[in-house]
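What's in work27.csv: CSV, N, CA and C atoms
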chain,number,residue,atom,x,y,z
A,1,MET,N,0.8,-1.2,0.0
A,1,MET,CA,0.0,0.0,0.0
A,1,MET,C,0.9,1.2,0.0
A,2,LEU,N,0.6,2.2,-0.9
A,2,LEU,CA,1.4,3.4,-1.0
A,2,LEU,C,0.7,4.5,-0.2
A,3,ARG,N,1.5,5.2,0.6
A,3,ARG,CA,0.9,6.3,1.4
A,3,ARG,C,1.7,7.5,1.0
A,4,TRP,N,1.0,8.6,0.7
A,4,TRP,CA,1.7,9.9,0.4
A,4,TRP,C,1.8,10.7,1.7
A,5,VAL,N,3.0,11.2,2.0
A,5,VAL,CA,3.2,12.0,3.1
A,5,VAL,C,3.8,13.3,2.7
A,6,HIS,N,3.2,14.4,3.1
A,6,HIS,CA,3.6,15.7,2.8
A,6,HIS,C,4.3,16.3,4.0
A,7,TYR,N,5.5,16.8,3.7
A,7,TYR,CA,6.3,17.5,4.8
A,7,TYR,C,6.4,19.0,4.4
A,8,THR,N,6.4,19.8,5.4
A,8,THR,CA,6.5,21.2,5.2
A,8,THR,C,7.9,21.6,5.0
A,9,MET,N,8.9,20.7,5.3
A,9,MET,CA,10.3,21.0,5.1
A,9,MET,C,11.0,19.7,5.0
A,10,CYS,N,12.1,19.7,4.3
A,10,CYS,CA,12.9,18.4,4.1
A,10,CYS,C,13.2,17.9,5.4
A,11,MET,N,13.1,16.6,5.6
A,11,MET,CA,13.4,16.0,6.9
A,11,MET,C,14.9,16.0,7.3
A,12,HIS,N,15.7,16.1,6.3
A,12,HIS,CA,17.1,16.1,6.5
A,12,HIS,C,17.7,17.5,6.8
A,13,MET,N,16.9,18.5,6.7
A,13,MET,CA,17.3,19.9,7.0
A,13,MET,C,16.9,20.3,8.4
A,14,ASN,N,17.9,20.5,9.2
A,14,ASN,CA,17.5,20.9,10.6
A,14,ASN,C,17.8,22.4,10.7
A,15,THR,N,17.5,23.0,11.8
A,15,THR,CA,17.6,24.4,12.0
A,15,THR,C,19.0,24.9,11.9
A,16,GLU,N,20.0,24.1,12.4
A,16,GLU,CA,21.4,24.5,12.2
A,16,GLU,C,21.8,24.6,10.7
A,17,THR,N,21.3,23.7,9.9
A,17,THR,CA,21.6,23.8,8.5
A,17,THR,C,21.0,25.0,7.9
A,18,MET,N,19.7,25.3,8.2
A,18,MET,CA,19.1,26.5,7.7
A,18,MET,C,19.8,27.8,8.1
A,19,VAL,N,20.2,27.9,9.3
A,19,VAL,CA,21.0,29.1,9.8
A,19,VAL,C,22.3,29.2,9.0
A,20,SER,N,23.0,28.1,8.8
A,20,SER,CA,24.2,28.1,8.1
A,20,SER,C,24.0,28.6,6.6
A,21,LEU,N,22.9,28.2,6.0
A,21,LEU,CA,22.6,28.6,4.6
A,21,LEU,C,22.2,30.1,4.6
A,22,ILE,N,21.5,30.5,5.6
A,22,ILE,CA,21.1,32.0,5.7
A,22,ILE,C,22.4,32.8,5.8
A,23,GLU,N,23.4,32.4,6.6
A,23,GLU,CA,24.6,33.2,6.7
A,23,GLU,C,25.4,33.3,5.4
A,24,GLN,N,25.0,32.6,4.4
A,24,GLN,CA,25.7,32.7,3.1
A,24,GLN,C,24.8,33.4,2.1
A,25,MET,N,23.7,33.9,2.4
A,25,MET,CA,22.7,34.5,1.5
A,25,MET,C,23.1,35.9,1.2
A,26,SER,N,22.8,36.4,0.0
A,26,SER,CA,23.0,37.7,-0.4
A,26,SER,C,21.8,38.6,0.1
A,27,ALA,N,22.0,39.9,0.0
A,27,ALA,CA,20.9,40.8,0.5
A,27,ALA,C,19.6,40.5,-0.2
A,28,GLU,N,19.6,40.3,-1.5
A,28,GLU,CA,18.4,40.0,-2.2
A,28,GLU,C,17.8,38.8,-1.8
A,29,GLN,N,18.6,37.7,-1.5
A,29,GLN,CA,18.0,36.5,-1.0
A,29,GLN,C,17.4,36.6,0.4
A,30,LEU,N,18.1,37.4,1.2
A,30,LEU,CA,17.6,37.6,2.5
A,30,LEU,C,16.3,38.4,2.5
A,31,ASP,N,16.1,39.3,1.6
A,31,ASP,CA,14.8,40.1,1.4
A,31,ASP,C,13.7,39.1,1.0
A,32,GLN,N,14.0,38.2,0.1
A,32,GLN,CA,13.0,37.2,-0.3
A,32,GLN,C,12.6,36.3,0.9
A,33,LEU,N,13.6,35.9,1.6
A,33,LEU,CA,13.4,35.0,2.8
A,33,LEU,C,12.5,35.8,3.8
A,34,GLN,N,12.8,37.0,4.1
A,34,GLN,CA,12.1,37.8,5.0
A,34,GLN,C,10.6,38.0,4.6
A,35,GLN,N,10.4,38.1,3.3
A,35,GLN,CA,9.0,38.2,2.8
A,35,GLN,C,8.3,36.9,3.1
A,36,ALA,N,8.9,35.8,2.9
A,36,ALA,CA,8.3,34.5,3.1
A,36,ALA,C,8.1,34.3,4.6
A,37,ILE,N,9.0,34.7,5.5
A,37,ILE,CA,8.8,34.6,6.9
A,37,ILE,C,7.6,35.5,7.3
A,38,ASN,N,7.5,36.7,6.8
A,38,ASN,CA,6.4,37.6,7.1
A,38,ASN,C,5.1,36.9,6.7
A,39,ARG,N,5.0,36.4,5.5
A,39,ARG,CA,3.8,35.7,5.1
A,39,ARG,C,3.4,34.6,6.0
A,40,ARG,N,4.4,33.8,6.4
A,40,ARG,CA,4.1,32.6,7.3
A,40,ARG,C,3.7,33.1,8.7
A,41,ARG,N,4.3,34.1,9.2
A,41,ARG,CA,3.9,34.6,10.5
A,41,ARG,C,2.5,35.2,10.5
A,42,GLN,N,2.1,35.8,9.4
A,42,GLN,CA,0.8,36.3,9.3
A,42,GLN,C,-0.2,35.2,9.2
A,43,GLN,N,0.1,34.1,8.5
A,43,GLN,CA,-0.7,32.9,8.5
A,43,GLN,C,-0.9,32.3,9.9
A,44,LEU,N,0.2,32.2,10.7
A,44,LEU,CA,0.1,31.7,12.0
A,44,LEU,C,-0.6,32.6,13.0
A,45,ALA,N,-0.4,33.9,12.9
A,45,ALA,CA,-1.1,34.8,13.8
A,45,ALA,C,-2.4,35.2,13.3
A,46,ASP,N,-2.7,35.0,12.1
A,46,ASP,CA,-3.9,35.5,11.4
A,46,ASP,C,-4.1,37.0,11.7
A,47,GLY,N,-3.1,37.7,11.6
A,47,GLY,CA,-3.2,39.2,11.8
A,47,GLY,C,-2.3,39.9,10.8
A,48,PRO,N,-2.6,41.2,10.7
A,48,PRO,CA,-1.8,42.0,9.8
A,48,PRO,C,-0.4,42.3,10.2
A,49,LEU,N,0.5,42.4,9.3
A,49,LEU,CA,1.9,42.6,9.5
A,49,LEU,C,2.4,43.8,8.7
A,50,SER,N,3.5,44.3,9.0
A,50,SER,CA,4.2,45.3,8.2
A,50,SER,C,5.2,44.6,7.3
A,51,THR,N,5.4,45.3,6.2
A,51,THR,CA,6.4,44.7,5.2
A,51,THR,C,7.5,45.8,5.0
A,52,MET,N,8.7,45.3,5.1
A,52,MET,CA,9.8,46.2,4.9
A,52,MET,C,10.1,46.3,3.4
A,53,VAL,N,10.1,47.5,2.8
A,53,VAL,CA,10.3,47.8,1.4
A,53,VAL,C,11.8,48.1,1.2
A,54,GLU,N,12.4,48.9,2.0
A,54,GLU,CA,13.8,49.3,1.9
A,54,GLU,C,14.4,49.5,3.3
A,55,ARG,N,15.7,49.2,3.4
A,55,ARG,CA,16.4,49.4,4.7
A,55,ARG,C,17.8,49.9,4.4
A,56,ARG,N,18.2,50.9,5.2
A,56,ARG,CA,19.5,51.4,5.0
A,56,ARG,C,20.0,52.0,6.4
A,57,ASP,N,21.3,51.8,6.6
A,57,ASP,CA,22.0,52.3,7.8
A,57,ASP,C,22.0,53.8,7.7
A,58,TYR,N,21.8,54.5,8.9
A,58,TYR,CA,22.0,55.9,9.0
A,58,TYR,C,22.3,56.3,10.4
A,59,ARG,N,23.3,57.1,10.6
A,59,ARG,CA,23.7,57.6,11.9
A,59,ARG,C,23.8,56.4,12.9
A,60,ASN,N,23.2,56.4,14.0
A,60,ASN,CA,23.3,55.4,15.0
A,60,ASN,C,22.1,54.4,14.9
A,61,GLY,N,21.5,54.3,13.7
A,61,GLY,CA,20.4,53.4,13.6
A,61,GLY,C,20.2,52.9,12.2
A,62,VAL,N,18.9,52.6,11.9
A,62,VAL,CA,18.5,52.1,10.6
A,62,VAL,C,17.2,52.8,10.1
A,63,LEU,N,17.2,53.3,8.9
A,63,LEU,CA,16.0,53.8,8.3
A,63,LEU,C,15.3,52.7,7.6
A,64,GLN,N,14.0,52.6,7.8
A,64,GLN,CA,13.3,51.5,7.1
A,64,GLN,C,12.0,52.1,6.5
A,65,LEU,N,11.8,51.8,5.2
A,65,LEU,CA,10.6,52.1,4.5
A,65,LEU,C,9.7,50.9,4.6
A,66,GLU,N,8.5,51.1,5.3
A,66,GLU,CA,7.6,50.0,5.6
A,66,GLU,C,6.2,50.3,5.1
A,67,LYS,N,5.6,49.2,4.6
A,67,LYS,CA,4.2,49.2,4.3
A,67,LYS,C,3.5,48.6,5.5
A,68,ARG,N,2.4,49.3,6.0
A,68,ARG,CA,1.7,48.8,7.2
A,68,ARG,C,0.4,48.2,6.8
A,69,ALA,N,0.1,47.1,7.4
A,69,ALA,CA,-1.2,46.4,7.2
A,69,ALA,C,-2.1,46.7,8.3
A,70,TYR,N,-3.3,47.0,8.0
A,70,TYR,CA,-4.4,47.3,9.0
A,70,TYR,C,-5.6,46.4,8.7
A,71,ARG,N,-6.2,46.0,9.8
A,71,ARG,CA,-7.5,45.2,9.7
A,71,ARG,C,-8.6,46.2,9.7
A,72,ARG,N,-9.4,46.1,8.6
A,72,ARG,CA,-10.6,47.0,8.5
A,72,ARG,C,-11.7,46.5,9.4
A,73,LYS,N,-12.7,47.4,9.6
A,73,LYS,CA,-13.9,47.0,10.4
A,73,LYS,C,-14.6,45.8,9.8
A,74,ASP,N,-14.6,45.6,8.5
A,74,ASP,CA,-15.2,44.4,7.9
A,74,ASP,C,-14.4,43.2,8.0
A,75,GLY,N,-13.2,43.3,8.6
A,75,GLY,CA,-12.3,42.1,8.8
A,75,GLY,C,-11.3,41.9,7.7
A,76,GLY,N,-11.4,42.7,6.7
A,76,GLY,CA,-10.4,42.6,5.6
A,76,GLY,C,-9.1,43.3,6.0
A,77,ILE,N,-8.1,43.1,5.3
A,77,ILE,CA,-6.8,43.7,5.5
A,77,ILE,C,-6.4,44.6,4.4
A,78,THR,N,-6.0,45.8,4.8
A,78,THR,CA,-5.6,46.8,3.8
A,78,THR,C,-4.2,47.3,4.1
A,79,GLU,N,-3.5,47.6,3.1
A,79,GLU,CA,-2.1,48.0,3.2
A,79,GLU,C,-1.9,49.5,3.0
A,80,ARG,N,-1.2,50.2,3.9
A,80,ARG,CA,-1.0,51.6,3.8
A,80,ARG,C,0.5,51.9,3.7
A,81,GLY,N,0.8,53.1,3.1
A,81,GLY,CA,2.2,53.5,3.0
A,81,GLY,C,2.7,53.4,1.6
A,82,PRO,N,4.0,53.3,1.5
A,82,PRO,CA,5.0,53.1,2.5
A,82,PRO,C,5.4,54.3,3.2
A,83,TYR,N,5.8,54.1,4.5
A,83,TYR,CA,6.2,55.2,5.4
A,83,TYR,C,7.6,54.9,5.9
A,84,TRP,N,8.4,56.0,6.1
A,84,TRP,CA,9.7,55.8,6.7
A,84,TRP,C,9.7,55.8,8.2
A,85,TYR,N,10.5,55.0,8.8
A,85,TYR,CA,10.7,54.9,10.3
A,85,TYR,C,12.2,54.9,10.5
A,86,PHE,N,12.6,55.5,11.6
A,86,PHE,CA,14.0,55.4,12.0
A,86,PHE,C,14.1,54.7,13.3
A,87,HIS,N,14.8,53.5,13.3
A,87,HIS,CA,14.9,52.7,14.4
A,87,HIS,C,16.3,52.9,15.0
A,88,PHE,N,16.4,53.2,16.3
A,88,PHE,CA,17.8,53.5,16.9
A,88,PHE,C,17.7,53.1,18.4
A,89,ARG,N,18.9,53.2,19.0
A,89,ARG,CA,19.0,52.9,20.4
A,89,ARG,C,19.3,54.2,21.1
A,90,GLU,N,18.7,54.4,22.3
A,90,GLU,CA,19.0,55.6,23.0
A,90,GLU,C,18.8,55.3,24.5
A,91,GLY,N,19.9,55.5,25.3
A,91,GLY,CA,19.8,55.2,26.7
A,91,GLY,C,19.6,53.7,27.0
A,92,GLY,N,20.1,52.9,26.1
A,92,GLY,CA,20.0,51.4,26.2
A,92,GLY,C,18.6,50.9,25.8
A,93,ARG,N,17.8,51.7,25.3
A,93,ARG,CA,16.4,51.3,24.8
A,93,ARG,C,16.3,51.4,23.3
A,94,GLN,N,15.5,50.5,22.8
A,94,GLN,CA,15.2,50.6,21.3
A,94,GLN,C,14.1,51.7,21.1
A,95,ARG,N,14.3,52.6,20.2
A,95,ARG,CA,13.4,53.7,19.9
A,95,ARG,C,13.0,53.6,18.5
A,96,THR,N,11.8,54.1,18.1
A,96,THR,CA,11.4,54.2,16.7
A,96,THR,C,10.8,55.6,16.5
A,97,LEU,N,11.3,56.3,15.5
A,97,LEU,CA,10.9,57.6,15.2
A,97,LEU,C,10.1,57.6,13.8
A,98,TYR,N,8.9,58.0,13.9
A,98,TYR,CA,8.1,58.0,12.6
A,98,TYR,C,8.5,59.2,11.8
A,99,ILE,N,8.9,58.9,10.5
A,99,ILE,CA,9.3,59.9,9.6
A,99,ILE,C,8.2,60.3,8.6
A,100,GLY,N,7.4,59.3,8.2
A,100,GLY,CA,6.4,59.5,7.2
A,100,GLY,C,6.8,59.3,5.8
A,101,LYS,N,6.1,59.9,4.9
A,101,LYS,CA,6.5,59.8,3.4
A,101,LYS,C,7.4,61.0,3.2
A,102,SER,N,8.6,60.6,2.6
A,102,SER,CA,9.6,61.6,2.3
A,102,SER,C,10.6,61.1,1.2
A,103,ASP,N,11.0,62.0,0.4
A,103,ASP,CA,12.0,61.6,-0.6
A,103,ASP,C,13.4,61.7,0.0
A,104,ASN,N,13.6,62.4,1.2
A,104,ASN,CA,14.8,62.5,1.8
A,104,ASN,C,14.7,62.3,3.3
A,105,PRO,N,14.5,61.0,3.8
A,105,PRO,CA,14.3,60.7,5.2
A,105,PRO,C,15.4,61.1,6.1
A,106,GLU,N,16.6,61.1,5.6
A,106,GLU,CA,17.8,61.5,6.4
A,106,GLU,C,17.6,62.9,6.9
A,107,THR,N,17.2,63.8,6.1
A,107,THR,CA,17.0,65.2,6.5
A,107,THR,C,15.9,65.3,7.5
A,108,VAL,N,14.8,64.6,7.4
A,108,VAL,CA,13.8,64.6,8.4
A,108,VAL,C,14.3,64.1,9.7
A,109,VAL,N,15.1,63.0,9.7
A,109,VAL,CA,15.6,62.5,11.0
A,109,VAL,C,16.4,63.6,11.6
A,110,ASP,N,17.3,64.3,10.9
A,110,ASP,CA,18.1,65.3,11.4
A,110,ASP,C,17.3,66.4,12.0
A,111,GLU,N,16.2,66.8,11.3
A,111,GLU,CA,15.3,67.9,11.8
A,111,GLU,C,14.6,67.5,13.1
A,112,LYS,N,14.1,66.2,13.1
A,112,LYS,CA,13.3,65.8,14.3
A,112,LYS,C,14.2,65.5,15.5
A,113,LEU,N,15.4,65.1,15.3
A,113,LEU,CA,16.3,64.9,16.4
A,113,LEU,C,17.1,66.1,16.8
A,114,GLY,N,17.0,67.2,15.9
A,114,GLY,CA,17.6,68.5,16.2
A,114,GLY,C,19.1,68.5,16.2
A,115,GLU,N,19.7,67.6,15.3
A,115,GLU,CA,21.1,67.6,15.2
A,115,GLU,C,21.5,67.7,13.7
A,116,GLU,N,22.7,68.3,13.5
A,116,GLU,CA,23.2,68.4,12.2
A,116,GLU,C,24.0,67.1,11.9
A,117,PRO,N,23.9,66.5,10.7
A,117,PRO,CA,24.7,65.3,10.4
A,117,PRO,C,26.2,65.7,10.3
A,118,THR,N,27.1,64.7,10.5
A,118,THR,CA,28.5,65.0,10.3
A,118,THR,C,28.8,64.9,8.9
A,119,LYS,N,29.9,65.5,8.4
A,119,LYS,CA,30.3,65.5,7.0
A,119,LYS,C,30.3,64.1,6.4
A,120,GLY,N,29.7,64.0,5.3
A,120,GLY,CA,29.7,62.7,4.6
A,120,GLY,C,28.6,61.7,5.0
A,121,GLU,N,27.7,62.1,6.0
A,121,GLU,CA,26.7,61.2,6.4
A,121,GLU,C,25.6,60.9,5.4
A,122,HIS,N,25.4,61.9,4.6
A,122,HIS,CA,24.3,61.8,3.5
A,122,HIS,C,24.9,61.1,2.3
A,123,ASP,N,26.2,60.8,2.3
A,123,ASP,CA,26.8,60.1,1.1
A,123,ASP,C,26.4,58.6,1.2
A,124,GLY,N,25.8,58.1,0.2
A,124,GLY,CA,25.2,56.8,0.2
A,124,GLY,C,25.9,55.6,0.2

Mind turning this structure into structure tokens?
Amino acid sequence: MLRWVHYTMCMHMNTETMVSLIEQMSAEQLDQLQQAINRRRQQLADGPLSTMVERRDYRNGVLQLEKRAYRRKDGGITERGPYWYFHFREGGRQRTLYIGKSDNPETVVDEKLGEEPTKGEHDG
């Protein structure tokens, strides 16, 4: 008697193997993997998630362009954005600064934090 068994992952691939493969991935491959992880987390949690569109280092943190998912009153999910956020550490705590829609989020960070960038910080 033949029995078909479906596995969600190869049985010979353990977590250590996956982590080892992840450490060898390019930025583009990591972005694809992150999208797949986000989709799976949303399936498991049955809730809306944000999606990172772009990420770049700036000053003492990271600028992220994110699309935000919201649950409507009718139960459907709608996506808004993308909006810029600046994630950084201050006083040992993780902080997030909302930037909004901007063609130059670095300038907005400088204005909101009230500091001038050092020479060369806007160079990409």

- Message: Using only C-alpha atoms, can you tell me which of A:Ala69, A:Leu97, A:Arg56, A:Asn38 comes closest to Glu111 in chain A?
- Response: A:Leu97

- Quote the spacing between CA of Pro105 in chain A and CA of Asp31 in chain A in Å to one decimal place. 21.0 Å

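Considering only C-alpha atoms, the residue among A:Thr78, A:Leu65, A:Gly114, A:Ile37 positioned nearest to Lys101 in chain A is A:Leu65.
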
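The residue that comes closest to Arg59 in chain A, out of A:Asn104, A:Pro82, A:Phe88, A:Glu23 and on the basis of all atoms listed in the file, is A:Phe88.
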
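In this comparison, which uses only C-alpha atoms, the residue of A:Ser102, A:Tyr85, A:Gly76, A:Leu33 approaching Asp57 in chain A most closely is A:Tyr85.
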
- Message: So the first atom is atom N of Trp84 in chain A and the second is atom C of Gln64 in chain A; what is the distance between them in Å, to one decimal place?
- Response: 5.3 Å

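Relative to atom C of Gln24 in chain A, atom C of Thr51 in chain A is found at 21.5 Å.
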